[in-house]
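*Asks:* Sharing protein-v9.txt below, compact mmCIF, C-alpha atoms:
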```txt
# COMPACT_ATOMS: atom_id res chain seq x y z
CA MET A 1 95.47 137.91 36.95
CA LEU A 2 94.35 138.71 40.46
CA THR A 3 94.98 136.94 43.71
CA GLN A 4 93.87 133.36 44.07
CA ARG A 5 93.62 131.30 47.17
CA ILE A 6 92.72 127.86 48.47
CA ILE A 7 91.13 126.99 51.81
CA MET A 8 89.99 123.60 53.09
CA SER A 9 86.96 122.68 55.17
CA SER A 10 86.34 119.71 57.42
CA GLY A 11 82.57 120.22 57.66
CA GLY A 12 79.62 119.19 55.53
CA GLU A 13 81.03 116.38 53.45
CA PRO A 14 84.25 115.04 55.09
CA TRP A 15 87.19 117.25 54.16
CA LEU A 16 85.13 119.31 51.76
CA LEU A 17 87.16 121.40 49.34
CA ALA A 18 85.78 124.13 47.07
CA VAL A 19 87.57 125.43 43.98
CA ALA A 20 86.67 128.72 42.30
CA HIS A 21 87.57 128.78 38.63
CA SER A 22 86.97 130.16 35.17
CA ASN A 23 84.22 128.53 33.09
CA THR A 24 80.88 127.26 34.29
CA PRO A 25 79.96 126.05 36.93
CA TYR A 26 82.55 128.54 38.34
CA VAL A 27 82.82 126.60 41.61
CA THR A 28 83.57 122.88 42.00
CA LEU A 29 83.08 120.99 45.26
CA TYR A 30 85.00 117.89 46.34
CA ASP A 31 84.92 115.34 49.13
CA THR A 32 88.67 114.91 49.59
CA GLY A 33 88.20 111.54 51.28
CA ASP A 34 87.97 110.02 47.81
CA TRP A 35 88.00 113.16 45.64
CA HIS A 36 84.56 112.61 44.23
CA LYS A 37 82.84 115.72 42.92
CA LEU A 38 79.69 116.87 44.66
CA ASP A 39 76.65 118.03 42.71
CA ASP A 40 76.77 121.65 41.58
CA PRO A 41 74.65 124.14 43.52
CA ALA A 42 71.30 124.72 41.83
CA THR A 43 72.12 128.43 41.54
CA LEU A 44 75.64 129.03 40.29
CA PRO A 45 77.87 132.07 40.83
CA ALA A 46 77.37 134.75 38.17
CA ASN A 47 80.47 134.18 36.03
CA THR A 48 84.14 133.42 36.85
CA GLY A 49 84.78 132.56 40.49
CA TYR A 50 87.86 134.24 41.97
CA ASP A 51 87.90 133.13 45.59
CA VAL A 52 86.06 131.01 48.13
CA ALA A 53 85.82 130.85 51.91
CA PHE A 54 83.95 128.76 54.47
CA ASN A 55 82.79 130.16 57.77
CA PRO A 56 84.27 128.47 60.88
CA ASP A 57 81.45 125.97 61.42
CA ARG A 58 81.38 125.23 57.68
CA SER A 59 77.68 125.98 57.41
CA ARG A 60 78.22 128.76 54.87
CA LEU A 61 80.35 129.12 51.72
CA ALA A 62 81.10 132.48 50.13
CA VAL A 63 82.22 132.74 46.49
CA ALA A 64 83.74 135.94 45.10
CA HIS A 65 83.00 136.29 41.40
CA TYR A 66 83.14 138.49 38.33
CA SER A 67 79.58 139.74 37.76
CA SER A 68 76.86 141.25 39.95
CA PRO A 69 76.00 140.42 42.74
CA TYR A 70 79.80 139.79 42.99
CA VAL A 71 79.46 137.44 45.98
CA ALA A 72 77.38 134.25 46.19
CA LEU A 73 76.48 132.81 49.60
CA TYR A 74 75.52 129.16 50.07
CA ASP A 75 74.06 127.03 52.85
CA THR A 76 76.32 123.98 52.82
CA GLY A 77 73.57 121.79 54.26
CA ASP A 78 71.78 121.65 50.92
CA TRP A 79 73.85 124.04 48.75
CA SER A 80 70.92 126.40 48.42
CA LYS A 81 71.85 129.99 47.67
CA ILE A 82 71.28 132.47 50.47
CA GLY A 83 69.68 135.78 49.51
CA ASN A 84 72.02 138.54 48.39
CA PRO A 85 73.07 141.17 50.92
CA THR A 86 70.98 144.34 50.61
CA THR A 87 74.12 146.35 49.89
CA LEU A 88 76.32 144.64 47.31
CA PRO A 89 80.06 145.06 46.72
CA THR A 90 80.70 147.85 44.20
CA GLY A 91 82.57 145.79 41.62
CA THR A 92 84.09 142.45 40.67
CA ALA A 93 85.07 140.60 43.85
CA HIS A 94 88.51 139.02 44.08
CA GLY A 95 88.78 137.90 47.70
CA VAL A 96 86.60 136.72 50.58
CA ALA A 97 87.34 135.84 54.22
CA PHE A 98 85.23 135.07 57.27
CA SER A 99 86.38 136.23 60.69
CA PRO A 100 87.52 133.44 63.04
CA ASP A 101 84.30 133.70 65.05
CA GLY A 102 82.18 133.73 61.90
CA SER A 103 80.47 137.02 62.74
CA LEU A 104 81.94 138.93 59.79
CA LEU A 105 82.50 138.38 56.09
CA VAL A 106 84.97 140.58 54.22
CA VAL A 107 84.73 140.91 50.44
CA CYS A 108 87.61 142.55 48.53
CA HIS A 109 86.71 144.02 45.17
CA GLU A 110 87.23 146.52 42.39
CA SER A 111 85.91 150.10 42.81
CA SER A 112 85.95 152.15 45.99
CA PRO A 113 85.68 151.32 48.89
CA TYR A 114 87.60 148.21 47.70
CA LEU A 115 86.37 146.16 50.65
CA THR A 116 82.88 145.51 51.97
CA ILE A 117 82.32 144.06 55.43
CA TYR A 118 79.12 142.24 56.42
CA ASN A 119 77.55 141.16 59.68
CA THR A 120 76.77 137.53 58.96
CA SER A 121 73.79 137.50 61.36
CA ASP A 122 71.70 139.50 58.90
CA TRP A 123 74.14 140.30 56.05
CA SER A 124 73.94 144.00 56.85
CA LYS A 125 76.89 146.11 55.74
CA VAL A 126 79.33 147.37 58.37
CA SER A 127 80.34 151.02 58.00
CA ASP A 128 83.45 151.45 55.87
CA PRO A 129 86.74 152.02 57.66
CA GLU A 130 87.70 155.71 57.72
CA THR A 131 90.90 154.89 55.82
CA LEU A 132 90.33 152.67 52.79
CA PRO A 133 92.80 150.35 51.03
CA GLY A 134 94.85 152.02 48.32
CA GLY A 135 93.25 150.42 45.30
CA ILE A 136 91.64 147.16 44.18
CA GLY A 137 91.40 144.77 47.12
CA VAL A 138 92.41 141.20 46.41
CA GLY A 139 93.78 139.30 49.40
CA PRO A 140 92.03 139.49 52.81
CA SER A 141 93.11 137.59 55.92
CA PHE A 142 92.22 137.72 59.61
CA SER A 143 94.61 136.99 62.42
CA LEU A 144 93.63 133.83 64.28
CA ASP A 145 92.36 135.82 67.27
CA GLY A 146 90.32 138.04 64.95
CA SER A 147 91.84 141.26 66.23
CA LEU A 148 93.49 142.20 62.92
CA LEU A 149 92.39 142.21 59.29
CA ALA A 150 94.98 142.50 56.52
CA ILE A 151 94.05 143.48 52.96
CA ALA A 152 96.51 143.02 50.09
CA HIS A 153 95.73 145.51 47.33
CA TYR A 154 96.97 147.03 44.10
CA SER A 155 98.19 150.52 45.01
CA SER A 156 100.59 151.80 47.67
CA PRO A 157 100.96 150.90 50.53
CA PHE A 158 100.02 147.51 48.95
CA ILE A 159 98.99 146.09 52.33
CA THR A 160 96.53 147.72 54.74
CA ILE A 161 95.96 146.40 58.25
CA TYR A 162 92.98 147.19 60.48
CA ASN A 163 92.12 146.81 64.14
CA THR A 164 88.79 145.02 63.94
CA SER A 165 87.62 146.46 67.27
CA ASP A 166 87.09 149.90 65.72
CA TRP A 167 88.29 149.51 62.11
CA SER A 168 91.12 151.94 62.72
CA LYS A 169 94.07 151.57 60.38
CA VAL A 170 97.32 150.26 61.83
CA ALA A 171 100.35 152.36 60.88
CA ASP A 172 101.95 151.13 57.66
CA PRO A 173 104.98 148.87 58.05
CA PRO A 174 108.24 150.86 57.76
CA THR A 175 109.18 148.69 54.77
CA LEU A 176 106.32 148.21 52.31
CA PRO A 177 105.90 145.32 49.86
CA ALA A 178 107.74 146.10 46.64
CA SER A 179 104.56 146.48 44.58
CA SER A 180 100.93 145.43 44.23
CA GLY A 181 99.81 142.99 46.91
CA ARG A 182 98.15 139.80 45.75
CA SER A 183 97.59 137.72 48.87
CA SER A 184 98.14 137.79 52.62
CA ALA A 185 98.24 135.29 55.48
CA PHE A 186 98.87 135.46 59.22
CA SER A 187 100.86 132.72 60.89
CA PRO A 188 98.79 130.52 63.23
CA ASP A 189 100.38 132.10 66.31
CA GLY A 190 99.77 135.60 64.95
CA THR A 191 103.40 136.67 65.17
CA GLN A 192 103.96 136.99 61.42
CA LEU A 193 102.15 138.33 58.37
CA ALA A 194 103.17 137.13 54.90
CA VAL A 195 102.30 139.15 51.78
CA ALA A 196 102.67 137.83 48.22
CA HIS A 197 103.12 140.56 45.64
CA LEU A 198 103.89 141.55 42.06
CA SER A 199 107.60 142.42 42.05
CA SER A 200 110.81 141.00 43.51
CA PRO A 201 111.23 139.71 46.19
CA TYR A 202 107.62 138.57 45.49
CA LEU A 203 107.16 137.73 49.17
CA THR A 204 107.43 140.04 52.20
CA ILE A 205 107.13 138.77 55.76
CA TYR A 206 106.52 140.96 58.82
CA ASN A 207 106.84 140.61 62.57
CA THR A 208 103.41 141.69 63.78
CA SER A 209 104.82 142.93 67.11
CA ASP A 210 106.41 145.97 65.46
CA TRP A 211 105.72 145.41 61.73
CA SER A 212 109.43 145.13 61.02
CA LYS A 213 110.33 143.23 57.86
CA ILE A 214 111.95 139.83 58.24
CA SER A 215 115.01 139.29 56.05
CA ASN A 216 114.16 137.81 52.67
CA PRO A 217 114.63 134.06 52.25
CA ALA A 218 117.90 133.23 50.47
CA SER A 219 115.90 131.55 47.70
CA LEU A 220 113.02 133.69 46.45
CA PRO A 221 109.92 132.71 44.48
CA SER A 222 110.69 132.89 40.77
CA SER A 223 108.09 135.54 39.89
CA THR A 224 104.89 137.26 41.01
CA GLY A 225 103.40 135.68 44.12
CA TYR A 226 99.64 135.10 43.88
CA GLY A 227 98.87 132.97 46.91
CA VAL A 228 100.42 132.39 50.32
CA ALA A 229 99.56 130.07 53.20
CA PHE A 230 101.07 128.84 56.45
CA SER A 231 100.74 125.21 57.51
CA PRO A 232 98.44 124.71 60.54
CA ASP A 233 101.41 124.21 62.86
CA GLY A 234 103.23 127.22 61.40
CA THR A 235 106.35 125.28 60.40
CA LEU A 236 105.87 125.76 56.65
CA LEU A 237 104.97 128.63 54.35
CA ALA A 238 103.89 127.94 50.77
CA VAL A 239 103.81 130.52 47.98
CA ALA A 240 102.04 130.02 44.63
CA HIS A 241 103.63 132.09 41.87
CA ASN A 242 104.27 132.61 38.18
CA ASN A 243 107.05 130.69 36.46
CA SER A 244 108.45 127.27 37.27
CA PRO A 245 108.43 125.69 39.85
CA TYR A 246 105.06 127.49 40.34
CA VAL A 247 105.09 126.78 44.09
CA THR A 248 107.83 127.49 46.62
CA ILE A 249 107.79 126.08 50.13
CA TYR A 250 109.79 127.35 53.12
CA ASN A 251 110.75 126.07 56.56
CA THR A 252 109.71 128.98 58.77
CA SER A 253 112.34 128.16 61.41
CA ASP A 254 115.14 129.51 59.18
CA TRP A 255 113.32 130.39 55.91
CA SER A 256 115.26 127.72 54.04
CA LYS A 257 113.60 126.45 50.88
CA VAL A 258 112.15 122.96 50.85
CA ALA A 259 113.19 120.90 47.82
CA ASN A 260 110.74 121.22 44.94
CA PRO A 261 108.19 118.41 44.55
CA SER A 262 109.31 115.93 41.91
CA THR A 263 106.07 116.57 39.99
CA LEU A 264 105.37 120.28 39.62
CA PRO A 265 102.07 122.03 38.93
CA THR A 266 101.46 122.38 35.19
CA GLY A 267 101.23 126.17 35.05
CA ASN A 268 101.43 129.43 36.94
CA GLY A 269 100.43 128.99 40.56
CA ARG A 270 97.40 131.01 41.68
CA GLY A 271 96.74 129.80 45.21
CA VAL A 272 97.76 127.40 47.96
CA THR A 273 96.30 125.85 51.08
CA PHE A 274 97.18 123.19 53.59
CA SER A 275 94.66 120.66 54.86
CA LYS A 276 93.53 121.13 58.44
CA ASP A 277 95.88 118.37 59.64
CA GLY A 278 98.77 119.68 57.52
CA ALA A 279 99.12 116.37 55.69
CA ARG A 280 98.22 117.78 52.28
CA LEU A 281 99.11 120.87 50.28
CA SER A 282 96.84 121.89 47.42
CA VAL A 283 98.02 124.23 44.67
CA ILE A 284 95.64 125.77 42.15
CA HIS A 285 97.10 126.83 38.85
CA ASP A 286 96.70 127.51 35.16
CA ASN A 287 96.40 124.55 32.79
CA THR A 288 94.78 121.19 33.36
CA PRO A 289 94.39 119.56 35.88
CA TYR A 290 94.05 123.07 37.45
CA ILE A 291 94.64 121.68 40.95
CA THR A 292 97.62 119.64 42.17
CA ASN A 293 97.67 117.98 45.59
CA TYR A 294 100.75 116.90 47.52
CA ASP A 295 101.45 114.62 50.46
CA THR A 296 103.50 116.92 52.71
CA SER A 297 105.41 114.03 54.31
CA SER A 298 107.12 113.20 51.00
CA TRP A 299 105.98 115.96 48.62
CA SER A 300 104.74 113.24 46.30
CA LYS A 301 101.83 114.16 44.05
CA LEU A 302 98.44 112.67 44.84
CA ALA A 303 96.21 111.31 42.09
CA ASN A 304 94.05 113.90 40.33
CA PRO A 305 90.32 114.02 41.07
CA SER A 306 88.39 112.02 38.49
CA THR A 307 86.36 115.12 37.65
CA LEU A 308 88.51 118.23 37.28
CA PRO A 309 87.59 121.91 37.55
CA THR A 310 86.50 123.22 34.16
CA GLY A 311 89.01 126.06 33.86
CA ASN A 312 92.01 127.78 35.42
CA GLY A 313 91.90 127.60 39.20
CA GLN A 314 91.29 130.97 40.82
CA GLY A 315 90.61 130.26 44.48
CA VAL A 316 89.88 127.39 46.83
CA ALA A 317 88.43 126.65 50.29
```
Turn the structure described in the file into C-alpha cells.
*Replies:*
Amino acid sequence: MLTQRIIMSSGGEPWLLAVAHSNTPYVTLYDTGDWHKLDDPATLPANTGYDVAFNPDRSRLAVAHYSSPYVALYDTGDWSKIGNPTTLPTGTAHGVAFSPDGSLLVVCHESSPYLTIYNTSDWSKVSDPETLPGGIGVGPSFSLDGSLLAIAHYSSPFITIYNTSDWSKVADPPTLPASSGRSSAFSPDGTQLAVAHLSSPYLTIYNTSDWSKISNPASLPSSTGYGVAFSPDGTLLAVAHNNSPYVTIYNTSDWSKVANPSTLPTGNGRGVTFSKDGARLSVIHDNTPYITNYDTSSWSKLANPSTLPTGNGQGVA
C-alpha cells in the first residue's frame, strides 16, 4: 500500500473535503458543515484514487489515480473535468500537491522520472530536475513559502528535497529515513520536515536549517507510517500508520505522545489531515467507515458521514 493523505479545503462548498479511495466513484466529496455528500463529478477518475489536492484558491482539485491519464483535474465551480495535460505522468500516480501560490502542480508516480511538474497556467510540463528521486514517488509536500519541495519515495535516499527556484537538489540529510518514504510534511513555520516511512522508527523529523535529525519521540508509531500532517498552528503532529492505534499524535513542543482517542480508527491508517482551524483531525483508513473524524479539543469521535466512501481510504483533501 502506498502513501495516503488527507487535505481539507474551505472553498467551494463550505469546508469541502475530498476523499480518494478504492472502488467507484474513486473520489467522494463532502460538505463538512453537515457531512452531506456532494454529487459525483460527471467524469470520474480512471480507477482507484490514491491522493487528492486542492489549489490554494480551491478552484481546482487534482486526483492521483491508478490508470491513464493518472491524474484527473476538476473545476470545483461545477466539477467539470479539465482537459488532460499534453504530457501525462509515466505511470500510476500516488501523490499530488499544489505549490502555495498555485502556479505548480506536482504529481508523484511510478516509472521514471517519478515526479512530473506542471505549470497550472496552461498545464505544460516543467523540465525534470537534473537529479530525480530514487524510485517510485509517493509523498510530495511544499514548504509554506514555496521555496522547497520534498518528495518521499521508495528507494534510497527515501526523501529528496529540491530548491524550487532552479530545481536543484538539496544535499541529502546526514541521517536518512530508515527505509522507503511514504509521506512528508513541512511544519507551518518551515523549520521542520516530517517523513513517514516503512521501517522503525517509522517517523523521521528534520530541522530544515541544517537537515539534522531531531531525536525520535519516546513513543513511536506502532508500524509503517503512511501519512503525516502538522496542525495549522504547528503544535501537533499526527501520523497515520499500520497496527493499532492506527494514528499517533504528538505535542511538537517536546514530542510527547497525546493520549489515544477513546474510539480508534477501524483499520490501518493511510492518511491524516487537520481542518484549517485545527478543530478537527480526519484519519483515512482501511475498513468501514474508511474515514474517522475527531474533535481535537477532546479527541472525541465525530459522527460518521451518512454516505461513506465506497472503499478503503487512500487520500483526502
*Asks:* Report, in Å with one decimal, the straight-line distance from CA of Ser209 (chain A) to CA of Leu193 (chain A).
*Replies:*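 Taking CA of Ser209 (chain A) and CA of Leu193 (chain A), their separation equals 10.2 Å.
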*Asks:* Counting all atoms listed in the file, what is within 9 Å of region 88-92 of chain A, bar same-chain residues fewer than 5 positions away, as a list in words?
*Replies:*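 Surrounding residues, per the criterion: Ala64, His65, Tyr66, Ser67, Ser68, Pro69, Tyr70, Val71, Val107, Cys108, His109, Glu110, Ser111, Ser112, Pro113, Tyr114, Leu115, Thr116 and Lys125 of chain A.
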*Asks:* Can you tell me how far CA of Ser200 (chain A) sits from CA of Pro245 (chain A), in Å to one decimal?
*Replies:*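 Spanning CA of Ser200 (chain A) to CA of Pro245 (chain A) is a straight-line distance of 15.9 Å.
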*Asks:* Can you pull out the residues contacting Leu148 (chain A)? Cut-off 10 Å, using only C-alpha atoms, and skip same-chain residues under 6 positions away; I want them as a PyMOL selection string.
*Replies:* chain A and resi 99+141-142+161-165+167+169-170+186+190+208
*Asks:* I'd like the neighbourhood of Leu264 (chain A) as a list in words, where a residue qualifies if any of its atoms comes within 9 Å (using all atoms listed in the file), though same-chain residues fewer than 3 positions away should be ignored.
*Replies:*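 Selected residues are Ser244, Pro245, Tyr246, Val247, Asn260, Pro261, Gly267, Thr292 and Lys301 of chain A.
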*Asks:* Step by step, gather every atom of region 311-317 of chain A that the file lists, find the box along x, y and z that holds them, add 6 Å on each side, and finally give centre and edge lengths in Å to one decimal, as AutoDock Vina command-line options.
*Replies:*
```
--center_x 90.2 --center_y 128.5 --center_z 42.1 --size_x 15.6 --size_y 16.9 --size_z 28.4
```
*Asks:* Could you tell me how far CA of His94 (chain A) sits from CA of Ala240 (chain A), in Å to one decimal place?
*Replies:*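 Distance reported for this atom pair: 16.3 Å.
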*Asks:* Have region 177-194 of chain A completed to N, CA, C and O atoms, please, and pass it along as a CSV table (one decimal), in the coordinates of the input.
*Replies:*
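The file below, rebuild-v1.csv, is the result:
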```
chain,number,residue,atom,x,y,z
A,177,PRO,N,105.7,146.3,51.0
A,177,PRO,CA,105.9,145.3,49.9
A,177,PRO,C,106.4,146.1,48.6
A,177,PRO,O,106.1,147.3,48.5
A,178,ALA,N,107.1,145.4,47.8
A,178,ALA,CA,107.7,146.1,46.6
A,178,ALA,C,106.8,146.6,45.6
A,178,ALA,O,107.1,147.4,44.8
A,179,SER,N,105.6,146.1,45.6
A,179,SER,CA,104.6,146.5,44.6
A,179,SER,C,103.2,145.8,44.9
A,179,SER,O,103.1,145.3,46.0
A,180,SER,N,102.3,145.8,44.0
A,180,SER,CA,100.9,145.4,44.2
A,180,SER,C,100.8,144.1,45.0
A,180,SER,O,101.4,143.1,44.6
A,181,GLY,N,100.1,144.2,46.1
A,181,GLY,CA,99.8,143.0,46.9
A,181,GLY,C,98.8,142.1,46.2
A,181,GLY,O,97.9,142.5,45.6
A,182,ARG,N,99.0,140.8,46.4
A,182,ARG,CA,98.2,139.8,45.8
A,182,ARG,C,97.5,138.9,46.8
A,182,ARG,O,96.4,138.3,46.5
A,183,SER,N,98.1,138.6,47.9
A,183,SER,CA,97.6,137.7,48.9
A,183,SER,C,98.2,138.0,50.2
A,183,SER,O,99.3,138.6,50.3
A,184,SER,N,97.6,137.6,51.3
A,184,SER,CA,98.1,137.8,52.6
A,184,SER,C,97.7,136.6,53.5
A,184,SER,O,96.7,136.0,53.3
A,185,ALA,N,98.5,136.4,54.5
A,185,ALA,CA,98.2,135.3,55.5
A,185,ALA,C,99.0,135.5,56.8
A,185,ALA,O,100.2,135.9,56.8
A,186,PHE,N,98.3,135.4,57.9
A,186,PHE,CA,98.9,135.5,59.2
A,186,PHE,C,99.3,134.1,59.6
A,186,PHE,O,98.7,133.1,59.3
A,187,SER,N,100.4,134.0,60.3
A,187,SER,CA,100.9,132.7,60.9
A,187,SER,C,99.9,132.3,62.0
A,187,SER,O,99.2,133.1,62.5
A,188,PRO,N,99.8,131.0,62.2
A,188,PRO,CA,98.8,130.5,63.2
A,188,PRO,C,99.0,131.2,64.6
A,188,PRO,O,98.0,131.4,65.3
A,189,ASP,N,100.2,131.5,65.0
A,189,ASP,CA,100.4,132.1,66.3
A,189,ASP,C,100.3,133.6,66.3
A,189,ASP,O,100.4,134.3,67.3
A,190,GLY,N,100.0,134.2,65.1
A,190,GLY,CA,99.8,135.6,65.0
A,190,GLY,C,101.0,136.5,65.0
A,190,GLY,O,100.9,137.7,65.0
A,191,THR,N,102.2,135.9,65.0
A,191,THR,CA,103.4,136.7,65.2
A,191,THR,C,104.0,137.2,63.8
A,191,THR,O,104.8,138.0,63.8
A,192,GLN,N,103.4,136.6,62.7
A,192,GLN,CA,104.0,137.0,61.4
A,192,GLN,C,102.8,137.2,60.4
A,192,GLN,O,101.8,136.6,60.5
A,193,LEU,N,103.1,138.1,59.5
A,193,LEU,CA,102.2,138.3,58.4
A,193,LEU,C,103.0,138.2,57.1
A,193,LEU,O,104.0,138.9,56.9
A,194,ALA,N,102.5,137.3,56.2
A,194,ALA,CA,103.2,137.1,54.9
A,194,ALA,C,102.3,137.8,53.8
A,194,ALA,O,101.1,137.6,53.8
```
